[in-house]
>>> print(open('upload23.cif').read())   # mmCIF, C-alpha atoms
data_work
#
loop_
_atom_site.group_PDB
_atom_site.id
_atom_site.type_symbol
_atom_site.label_atom_id
_atom_site.label_comp_id
_atom_site.auth_asym_id
_atom_site.auth_seq_id
_atom_site.Cartn_x
_atom_site.Cartn_y
_atom_site.Cartn_z
ATOM 1 C CA MET A 1 -27.935 9.532 -49.150
ATOM 2 C CA ALA A 2 -24.303 9.086 -48.070
ATOM 3 C CA PHE A 3 -24.632 12.136 -45.829
ATOM 4 C CA ALA A 4 -27.777 10.733 -44.195
ATOM 5 C CA LEU A 5 -26.076 7.363 -43.620
ATOM 6 C CA ARG A 6 -23.024 9.026 -42.012
ATOM 7 C CA ALA A 7 -25.269 11.179 -39.846
ATOM 8 C CA LEU A 8 -27.183 8.065 -38.717
ATOM 9 C CA PHE A 9 -23.956 6.256 -37.790
ATOM 10 C CA LEU A 10 -22.711 9.345 -35.948
ATOM 11 C CA LEU A 11 -25.989 9.644 -34.041
ATOM 12 C CA CYS A 12 -25.949 5.934 -33.144
ATOM 13 C CA GLY A 13 -22.347 6.225 -32.003
ATOM 14 C CA ILE A 14 -23.080 9.221 -29.803
ATOM 15 C CA CYS A 15 -26.136 7.515 -28.308
ATOM 16 C CA GLY A 16 -24.099 4.384 -27.622
ATOM 17 C CA LEU A 17 -21.344 6.350 -25.906
ATOM 18 C CA LEU A 18 -23.803 8.286 -23.789
ATOM 19 C CA SER A 19 -25.844 5.257 -22.797
ATOM 20 C CA GLY A 20 -22.638 3.398 -21.942
ATOM 21 C CA ALA A 21 -21.462 6.243 -19.728
ATOM 22 C CA TRP A 22 -24.801 6.456 -17.949
ATOM 23 C CA SER A 23 -25.107 2.700 -17.454
ATOM 24 C CA PHE A 24 -21.975 2.412 -15.270
ATOM 25 C CA PRO A 25 -22.330 3.031 -11.553
ATOM 26 C CA THR A 26 -20.835 6.342 -10.467
ATOM 27 C CA LYS A 27 -18.184 4.594 -8.353
ATOM 28 C CA ILE A 28 -16.718 2.824 -11.396
ATOM 29 C CA ARG A 29 -16.537 5.965 -13.524
ATOM 30 C CA LYS A 30 -14.587 7.963 -10.956
ATOM 31 C CA ALA A 31 -10.804 7.811 -10.928
ATOM 32 C CA PHE A 32 -8.903 6.832 -7.830
ATOM 33 C CA ASN A 33 -6.319 9.461 -6.946
ATOM 34 C CA CYS A 34 -3.466 9.750 -4.468
ATOM 35 C CA PRO A 35 -2.323 12.940 -2.777
ATOM 36 C CA LYS A 36 0.734 14.726 -4.135
ATOM 37 C CA ASP A 37 4.039 12.884 -3.439
ATOM 38 C CA TRP A 38 2.296 9.542 -2.798
ATOM 39 C CA THR A 39 2.820 6.536 -5.110
ATOM 40 C CA GLN A 40 -0.231 4.643 -6.362
ATOM 41 C CA LEU A 41 -0.671 0.901 -6.960
ATOM 42 C CA ASP A 42 -4.228 -0.139 -7.768
ATOM 43 C CA HIS A 43 -6.473 1.509 -5.169
ATOM 44 C CA ASN A 44 -3.730 2.189 -2.594
ATOM 45 C CA CYS A 45 -1.347 5.075 -2.036
ATOM 46 C CA TYR A 46 2.131 4.749 -0.463
ATOM 47 C CA ILE A 47 4.553 7.277 0.976
ATOM 48 C CA TYR A 48 8.016 6.877 2.483
ATOM 49 C CA GLN A 49 8.712 8.713 5.717
ATOM 50 C CA GLU A 50 12.414 9.382 6.191
ATOM 51 C CA GLU A 51 12.342 10.510 9.825
ATOM 52 C CA ALA A 52 13.125 7.400 11.868
ATOM 53 C CA ARG A 53 10.629 6.592 14.639
ATOM 54 C CA GLY A 54 9.671 3.724 16.889
ATOM 55 C CA PHE A 55 6.954 1.411 15.568
ATOM 56 C CA ALA A 56 4.070 2.953 17.572
ATOM 57 C CA ASP A 57 5.110 6.516 16.698
ATOM 58 C CA ALA A 58 5.428 5.585 13.019
ATOM 59 C CA GLU A 59 1.902 4.124 13.074
ATOM 60 C CA ALA A 60 0.617 7.314 14.752
ATOM 61 C CA VAL A 61 2.149 9.500 12.023
ATOM 62 C CA CYS A 62 0.635 7.287 9.318
ATOM 63 C CA GLN A 63 -2.773 7.653 10.986
ATOM 64 C CA ILE A 64 -2.383 11.429 11.070
ATOM 65 C CA LEU A 65 -1.689 11.256 7.309
ATOM 66 C CA GLY A 66 -4.927 9.287 6.841
ATOM 67 C CA GLY A 67 -3.637 5.713 6.741
ATOM 68 C CA ASN A 68 -1.548 3.133 8.575
ATOM 69 C CA LEU A 69 1.892 1.602 8.427
ATOM 70 C CA VAL A 70 1.965 -0.304 5.169
ATOM 71 C CA SER A 71 0.292 -3.699 4.928
ATOM 72 C CA ILE A 72 1.611 -5.908 2.144
ATOM 73 C CA HIS A 73 -0.498 -8.554 0.416
ATOM 74 C CA SER A 74 1.523 -9.740 -2.584
ATOM 75 C CA ARG A 75 5.025 -10.070 -3.968
ATOM 76 C CA LEU A 76 4.305 -7.194 -6.379
ATOM 77 C CA GLU A 77 3.143 -4.927 -3.575
ATOM 78 C CA ASN A 78 6.236 -5.846 -1.532
ATOM 79 C CA ALA A 79 8.452 -4.870 -4.485
ATOM 80 C CA VAL A 80 6.598 -1.570 -4.950
ATOM 81 C CA VAL A 81 6.983 -0.728 -1.250
ATOM 82 C CA MET A 82 10.729 -1.425 -1.460
ATOM 83 C CA GLN A 83 11.030 0.850 -4.506
ATOM 84 C CA VAL A 84 9.094 3.615 -2.727
ATOM 85 C CA ALA A 85 11.545 3.350 0.188
ATOM 86 C CA ILE A 86 14.625 3.171 -2.045
ATOM 87 C CA ALA A 87 13.422 6.226 -3.972
ATOM 88 C CA GLY A 88 13.475 8.071 -0.635
ATOM 89 C CA GLY A 89 17.236 7.871 -1.026
ATOM 90 C CA THR A 90 18.257 7.969 2.636
ATOM 91 C CA GLY A 91 20.456 4.877 2.524
ATOM 92 C CA SER A 92 18.596 3.188 5.387
ATOM 93 C CA GLU A 93 18.746 -0.585 5.296
ATOM 94 C CA GLU A 94 15.418 -1.291 7.048
ATOM 95 C CA ILE A 95 11.922 0.175 7.141
ATOM 96 C CA TRP A 96 8.965 -0.490 9.396
ATOM 97 C CA ILE A 97 5.952 -2.205 7.880
ATOM 98 C CA GLY A 98 2.693 -2.577 9.799
ATOM 99 C CA PHE A 99 3.052 -6.261 10.791
ATOM 100 C CA HIS A 100 3.493 -7.165 14.479
ATOM 101 C CA ASP A 101 2.755 -9.736 17.163
ATOM 102 C CA THR A 102 2.691 -7.405 20.175
ATOM 103 C CA LEU A 103 -0.645 -8.777 21.407
ATOM 104 C CA GLU A 104 0.306 -12.465 21.331
ATOM 105 C CA ASP A 105 3.591 -14.133 20.349
ATOM 106 C CA ASP A 106 3.543 -15.674 16.869
ATOM 107 C CA ASP A 107 0.080 -14.245 16.125
ATOM 108 C CA PHE A 108 0.985 -11.543 13.602
ATOM 109 C CA ILE A 109 -1.520 -8.902 12.552
ATOM 110 C CA TRP A 110 -1.487 -5.797 10.355
ATOM 111 C CA THR A 111 -2.035 -2.411 12.005
ATOM 112 C CA ASP A 112 -4.816 -1.667 9.496
ATOM 113 C CA GLY A 113 -6.653 -4.878 10.412
ATOM 114 C CA SER A 114 -6.359 -6.340 6.903
ATOM 115 C CA ARG A 115 -6.040 -10.066 6.296
ATOM 116 C CA ASP A 116 -2.776 -11.925 6.808
ATOM 117 C CA ASP A 117 -2.454 -13.451 3.332
ATOM 118 C CA PHE A 118 1.203 -12.850 2.413
ATOM 119 C CA THR A 119 4.525 -12.949 4.255
ATOM 120 C CA ASN A 120 8.120 -12.591 3.119
ATOM 121 C CA PHE A 121 10.146 -13.594 6.172
ATOM 122 C CA LEU A 122 13.881 -14.155 5.878
ATOM 123 C CA THR A 123 15.372 -17.514 6.916
ATOM 124 C CA ASN A 124 15.018 -18.176 10.680
ATOM 125 C CA GLU A 125 12.352 -15.469 10.942
ATOM 126 C CA PRO A 126 10.126 -14.571 12.605
ATOM 127 C CA ASN A 127 12.174 -14.762 15.783
ATOM 128 C CA SER A 128 10.378 -13.275 18.781
ATOM 129 C CA ALA A 129 13.700 -13.123 20.665
ATOM 130 C CA ASN A 130 14.572 -10.165 18.379
ATOM 131 C CA GLY A 131 11.326 -8.278 19.004
ATOM 132 C CA ASP A 132 7.636 -8.137 18.167
ATOM 133 C CA CYS A 133 7.544 -5.741 15.201
ATOM 134 C CA ILE A 134 8.450 -6.418 11.590
ATOM 135 C CA GLU A 135 10.826 -4.463 9.404
ATOM 136 C CA ALA A 136 11.591 -5.016 5.737
ATOM 137 C CA VAL A 137 15.239 -5.164 4.716
ATOM 138 C CA LEU A 138 16.198 -3.150 1.645
ATOM 139 C CA PRO A 139 16.694 -3.617 -1.221
ATOM 140 C CA ASP A 140 15.312 -7.174 -1.498
ATOM 141 C CA GLY A 141 12.351 -6.772 0.850
ATOM 142 C CA GLY A 142 12.824 -9.748 3.155
ATOM 143 C CA TRP A 143 11.147 -9.347 6.549
ATOM 144 C CA GLN A 144 12.610 -9.760 10.014
ATOM 145 C CA THR A 145 11.600 -9.123 13.612
ATOM 146 C CA GLU A 146 12.945 -6.117 15.474
ATOM 147 C CA ASP A 147 12.424 -4.420 18.813
ATOM 148 C CA CYS A 148 9.422 -2.090 18.444
ATOM 149 C CA GLY A 149 11.257 0.717 20.232
ATOM 150 C CA ASP A 150 14.022 0.900 17.629
ATOM 151 C CA SER A 151 13.839 3.901 15.324
ATOM 152 C CA GLU A 152 13.434 3.175 11.626
ATOM 153 C CA PRO A 153 12.083 5.039 8.597
ATOM 154 C CA TYR A 154 8.766 3.618 7.400
ATOM 155 C CA VAL A 155 6.161 3.481 4.650
ATOM 156 C CA CYS A 156 2.514 4.483 5.105
ATOM 157 C CA ILE A 157 -0.451 3.234 3.090
ATOM 158 C CA MET A 158 -3.936 4.618 2.563
ATOM 159 C CA GLU A 159 -6.772 3.980 0.154
ATOM 160 C CA ALA A 160 -6.781 6.155 -2.921
ATOM 161 C CA GLY A 161 -9.419 8.864 -2.824
ATOM 162 C CA HIS A 162 -11.983 9.737 -5.440
#
>>> encode(input="upload23.cif", output="structure tokens")
Amino acid sequence: MAFALRALFLLCGICGLLSGAWSFPTKIRKAFNCPKDWTQLDHNCYIYQEEARGFADAEAVCQILGGNLVSIHSRLENAVVMQVAIAGGTGSEEIWIGFHDTLEDDDFIWTDGSRDDFTNFLTNEPNSANGDCIEAVLPDGGWQTEDCGDSEPYVCIMEAGH
């Protein structure tokens, strides 16, 4: 009797596990993965690029890698991006992020077209007299305007793959 009861519980448990696995949509069951050497936060992947480039060239390289210059949407994400850059270990004090107002002064947009829902500008910034592209200052991650032609290292972002 005890054996039959254990077998029944085991069978019910297996059926419950299987039905639970089959009831979830495929998209939820799959893991989100980043390519080798990229850092993952939620469903995004980040990589630091040490070779300094102008803003437009940096964006072009990020697109070749499958993403864009990083867009930042929270204080946590800003901190993660700074740590990714610091881990690059080059000693640079600034990095390009994908925020700019090159189309219209004081109308900032992200290169990936995502919403403008977070900023971390330093005091007296943004200042269009300094330029139209935004760089983050390490290690604290405050943002400031800079001439888009200046060469800086940068961080790329892309969605994690399946």
>>> residues_around(input="upload23.cif", residues="Gly54 in chain A", least_positions_apart="5", cutoff="10 Å", atoms="only C-alpha atoms", output="PyMOL selection string")
chain A and resi 59-60+96+133+147-154
>>> closest_residue(input="upload23.cif", among="A:Asp107, A:Cys156, A:Thr119, A:Val137", to="Val61 in chain A", atoms="only C-alpha atoms")
A:Cys156
>>> residues_near_point(input="upload23.cif", point="(16.6, -6.1, -2.2)", cutoff="12 Å", atoms="only C-alpha atoms", output="PDB file with C-alpha atoms, keeping the file's coordinate frame")
ATOM      1  CA  ASN A  78       6.236  -5.846  -1.532  1.00  0.00           C
ATOM      2  CA  ALA A  79       8.452  -4.870  -4.485  1.00  0.00           C
ATOM      3  CA  VAL A  80       6.598  -1.570  -4.950  1.00  0.00           C
ATOM      4  CA  VAL A  81       6.983  -0.728  -1.250  1.00  0.00           C
ATOM      5  CA  MET A  82      10.729  -1.425  -1.460  1.00  0.00           C
ATOM      6  CA  GLN A  83      11.030   0.850  -4.506  1.00  0.00           C
ATOM      7  CA  ALA A  85      11.545   3.350   0.188  1.00  0.00           C
ATOM      8  CA  ILE A  86      14.625   3.171  -2.045  1.00  0.00           C
ATOM      9  CA  GLU A  93      18.746  -0.585   5.296  1.00  0.00           C
ATOM     10  CA  GLU A  94      15.418  -1.291   7.048  1.00  0.00           C
ATOM     11  CA  ASN A 120       8.120 -12.591   3.119  1.00  0.00           C
ATOM     12  CA  LEU A 122      13.881 -14.155   5.878  1.00  0.00           C
ATOM     13  CA  ALA A 136      11.591  -5.016   5.737  1.00  0.00           C
ATOM     14  CA  VAL A 137      15.239  -5.164   4.716  1.00  0.00           C
ATOM     15  CA  LEU A 138      16.198  -3.150   1.645  1.00  0.00           C
ATOM     16  CA  PRO A 139      16.694  -3.617  -1.221  1.00  0.00           C
ATOM     17  CA  ASP A 140      15.312  -7.174  -1.498  1.00  0.00           C
ATOM     18  CA  GLY A 141      12.351  -6.772   0.850  1.00  0.00           C
ATOM     19  CA  GLY A 142      12.824  -9.748   3.155  1.00  0.00           C
ATOM     20  CA  TRP A 143      11.147  -9.347   6.549  1.00  0.00           C
TER      21      TRP A 143
END
>>> residues_near_point(input="upload23.cif", point="(13.4, -10.2, 13.9)", cutoff="6 Å", atoms="only C-alpha atoms", output="PyMOL selection string")
chain A and resi 126-127+130-131+144-146
>>> closest_residue(input="upload23.cif", among="A:Ala52, A:Leu69, A:Leu76, A:Cys45", to="Phe118 in chain A", atoms="all atoms listed in the file")
A:Leu76
>>> resolve_selection(input="upload23.cif", expression="the PyMOL selection byres ((chain A and resi 116) around 12)", output="list in words")
Ser71, Ile72, His73, Ser74, Gly98, Phe99, His100, Asp101, Asp107, Phe108, Ile109, Trp110, Thr111, Asp112, Gly113, Ser114, Arg115, Asp117, Phe118, Thr119 and Asn120 of chain A
>>> atom_distance(input="upload23.cif", atom1="CA of Asp105 in chain A", atom2="CA of Gln49 in chain A")
27.6 Å
>>> atom_distance(input="upload23.cif", atom1="CA of Glu50 in chain A", atom2="CA of Trp38 in chain A")
13.5 Å
>>> resolve_selection(input="upload23.cif", expression="the PyMOL selection byres ((chain A and resi 67) around 8)", output="PDB file with C-alpha atoms, in the frame of the given file")
ATOM      1  CA  CYS A  62       0.635   7.287   9.318  1.00  0.00           C
ATOM      2  CA  GLN A  63      -2.773   7.653  10.986  1.00  0.00           C
ATOM      3  CA  ILE A  64      -2.383  11.429  11.070  1.00  0.00           C
ATOM      4  CA  LEU A  65      -1.689  11.256   7.309  1.00  0.00           C
ATOM      5  CA  GLY A  66      -4.927   9.287   6.841  1.00  0.00           C
ATOM      6  CA  ASN A  68      -1.548   3.133   8.575  1.00  0.00           C
ATOM      7  CA  LEU A  69       1.892   1.602   8.427  1.00  0.00           C
ATOM      8  CA  ASP A 112      -4.816  -1.667   9.496  1.00  0.00           C
ATOM      9  CA  CYS A 156       2.514   4.483   5.105  1.00  0.00           C
ATOM     10  CA  ILE A 157      -0.451   3.234   3.090  1.00  0.00           C
ATOM     11  CA  MET A 158      -3.936   4.618   2.563  1.00  0.00           C
ATOM     12  CA  GLU A 159      -6.772   3.980   0.154  1.00  0.00           C
TER      13      GLU A 159
END
>>> atom_distance(input="upload23.cif", atom1="CA of Phe121 in chain A", atom2="CA of Phe55 in chain A")
18.0 Å
>>> closest_residue(input="upload23.cif", among="A:Asp37, A:Asp132, A:Asp42, A:Glu77", to="Leu103 in chain A", atoms="all atoms listed in the file")
A:Asp132
>>> closest_residue(input="upload23.cif", among="A:Ile95, A:Ala160, A:Cys34, A:Ala87", to="Ala58 in chain A", atoms="all atoms listed in the file")
A:Ile95
>>> build_atoms(input="upload23.cif", residues="range 70-83 of chain A", atoms="N, CA, C and O atoms", output="PDB file, in the coordinates of the input")
ATOM      1  N   VAL A  70       2.321   0.480   6.345  1.00  0.00           N
ATOM      2  CA  VAL A  70       1.965  -0.304   5.169  1.00  0.00           C
ATOM      3  C   VAL A  70       1.654  -1.763   5.517  1.00  0.00           C
ATOM      4  O   VAL A  70       2.344  -2.390   6.319  1.00  0.00           O
ATOM      5  N   SER A  71       0.584  -2.263   4.926  1.00  0.00           N
ATOM      6  CA  SER A  71       0.292  -3.699   4.928  1.00  0.00           C
ATOM      7  C   SER A  71       0.594  -4.189   3.514  1.00  0.00           C
ATOM      8  O   SER A  71       0.351  -3.486   2.540  1.00  0.00           O
ATOM      9  N   ILE A  72       1.135  -5.391   3.429  1.00  0.00           N
ATOM     10  CA  ILE A  72       1.611  -5.908   2.144  1.00  0.00           C
ATOM     11  C   ILE A  72       0.931  -7.242   1.880  1.00  0.00           C
ATOM     12  O   ILE A  72       0.982  -8.146   2.718  1.00  0.00           O
ATOM     13  N   HIS A  73       0.319  -7.376   0.694  1.00  0.00           N
ATOM     14  CA  HIS A  73      -0.498  -8.554   0.416  1.00  0.00           C
ATOM     15  C   HIS A  73      -0.084  -9.332  -0.831  1.00  0.00           C
ATOM     16  O   HIS A  73      -0.804 -10.239  -1.244  1.00  0.00           O
ATOM     17  N   SER A  74       1.047  -8.984  -1.420  1.00  0.00           N
ATOM     18  CA  SER A  74       1.523  -9.740  -2.584  1.00  0.00           C
ATOM     19  C   SER A  74       3.002  -9.438  -2.814  1.00  0.00           C
ATOM     20  O   SER A  74       3.539  -8.452  -2.305  1.00  0.00           O
ATOM     21  N   ARG A  75       3.623 -10.274  -3.610  1.00  0.00           N
ATOM     22  CA  ARG A  75       5.025 -10.070  -3.968  1.00  0.00           C
ATOM     23  C   ARG A  75       5.198  -8.751  -4.736  1.00  0.00           C
ATOM     24  O   ARG A  75       6.147  -8.013  -4.510  1.00  0.00           O
ATOM     25  N   LEU A  76       4.250  -8.452  -5.628  1.00  0.00           N
ATOM     26  CA  LEU A  76       4.305  -7.194  -6.379  1.00  0.00           C
ATOM     27  C   LEU A  76       4.219  -6.002  -5.433  1.00  0.00           C
ATOM     28  O   LEU A  76       5.013  -5.063  -5.534  1.00  0.00           O
ATOM     29  N   GLU A  77       3.286  -6.041  -4.509  1.00  0.00           N
ATOM     30  CA  GLU A  77       3.143  -4.927  -3.575  1.00  0.00           C
ATOM     31  C   GLU A  77       4.401  -4.783  -2.722  1.00  0.00           C
ATOM     32  O   GLU A  77       4.856  -3.665  -2.462  1.00  0.00           O
ATOM     33  N   ASN A  78       4.994  -5.898  -2.302  1.00  0.00           N
ATOM     34  CA  ASN A  78       6.236  -5.846  -1.532  1.00  0.00           C
ATOM     35  C   ASN A  78       7.337  -5.150  -2.343  1.00  0.00           C
ATOM     36  O   ASN A  78       8.048  -4.294  -1.829  1.00  0.00           O
ATOM     37  N   ALA A  79       7.443  -5.490  -3.620  1.00  0.00           N
ATOM     38  CA  ALA A  79       8.452  -4.870  -4.485  1.00  0.00           C
ATOM     39  C   ALA A  79       8.189  -3.378  -4.653  1.00  0.00           C
ATOM     40  O   ALA A  79       9.131  -2.570  -4.626  1.00  0.00           O
ATOM     41  N   VAL A  80       6.934  -2.988  -4.802  1.00  0.00           N
ATOM     42  CA  VAL A  80       6.598  -1.570  -4.950  1.00  0.00           C
ATOM     43  C   VAL A  80       6.968  -0.809  -3.679  1.00  0.00           C
ATOM     44  O   VAL A  80       7.565   0.270  -3.734  1.00  0.00           O
ATOM     45  N   VAL A  81       6.653  -1.381  -2.522  1.00  0.00           N
ATOM     46  CA  VAL A  81       6.983  -0.728  -1.250  1.00  0.00           C
ATOM     47  C   VAL A  81       8.493  -0.547  -1.128  1.00  0.00           C
ATOM     48  O   VAL A  81       8.981   0.508  -0.699  1.00  0.00           O
ATOM     49  N   MET A  82       9.271  -1.551  -1.528  1.00  0.00           N
ATOM     50  CA  MET A  82      10.729  -1.425  -1.460  1.00  0.00           C
ATOM     51  C   MET A  82      11.211  -0.310  -2.384  1.00  0.00           C
ATOM     52  O   MET A  82      12.088   0.472  -2.020  1.00  0.00           O
ATOM     53  N   GLN A  83      10.628  -0.200  -3.571  1.00  0.00           N
ATOM     54  CA  GLN A  83      11.030   0.850  -4.506  1.00  0.00           C
ATOM     55  C   GLN A  83      10.651   2.235  -3.989  1.00  0.00           C
ATOM     56  O   GLN A  83      11.402   3.192  -4.160  1.00  0.00           O
TER      57      GLN A  83
END
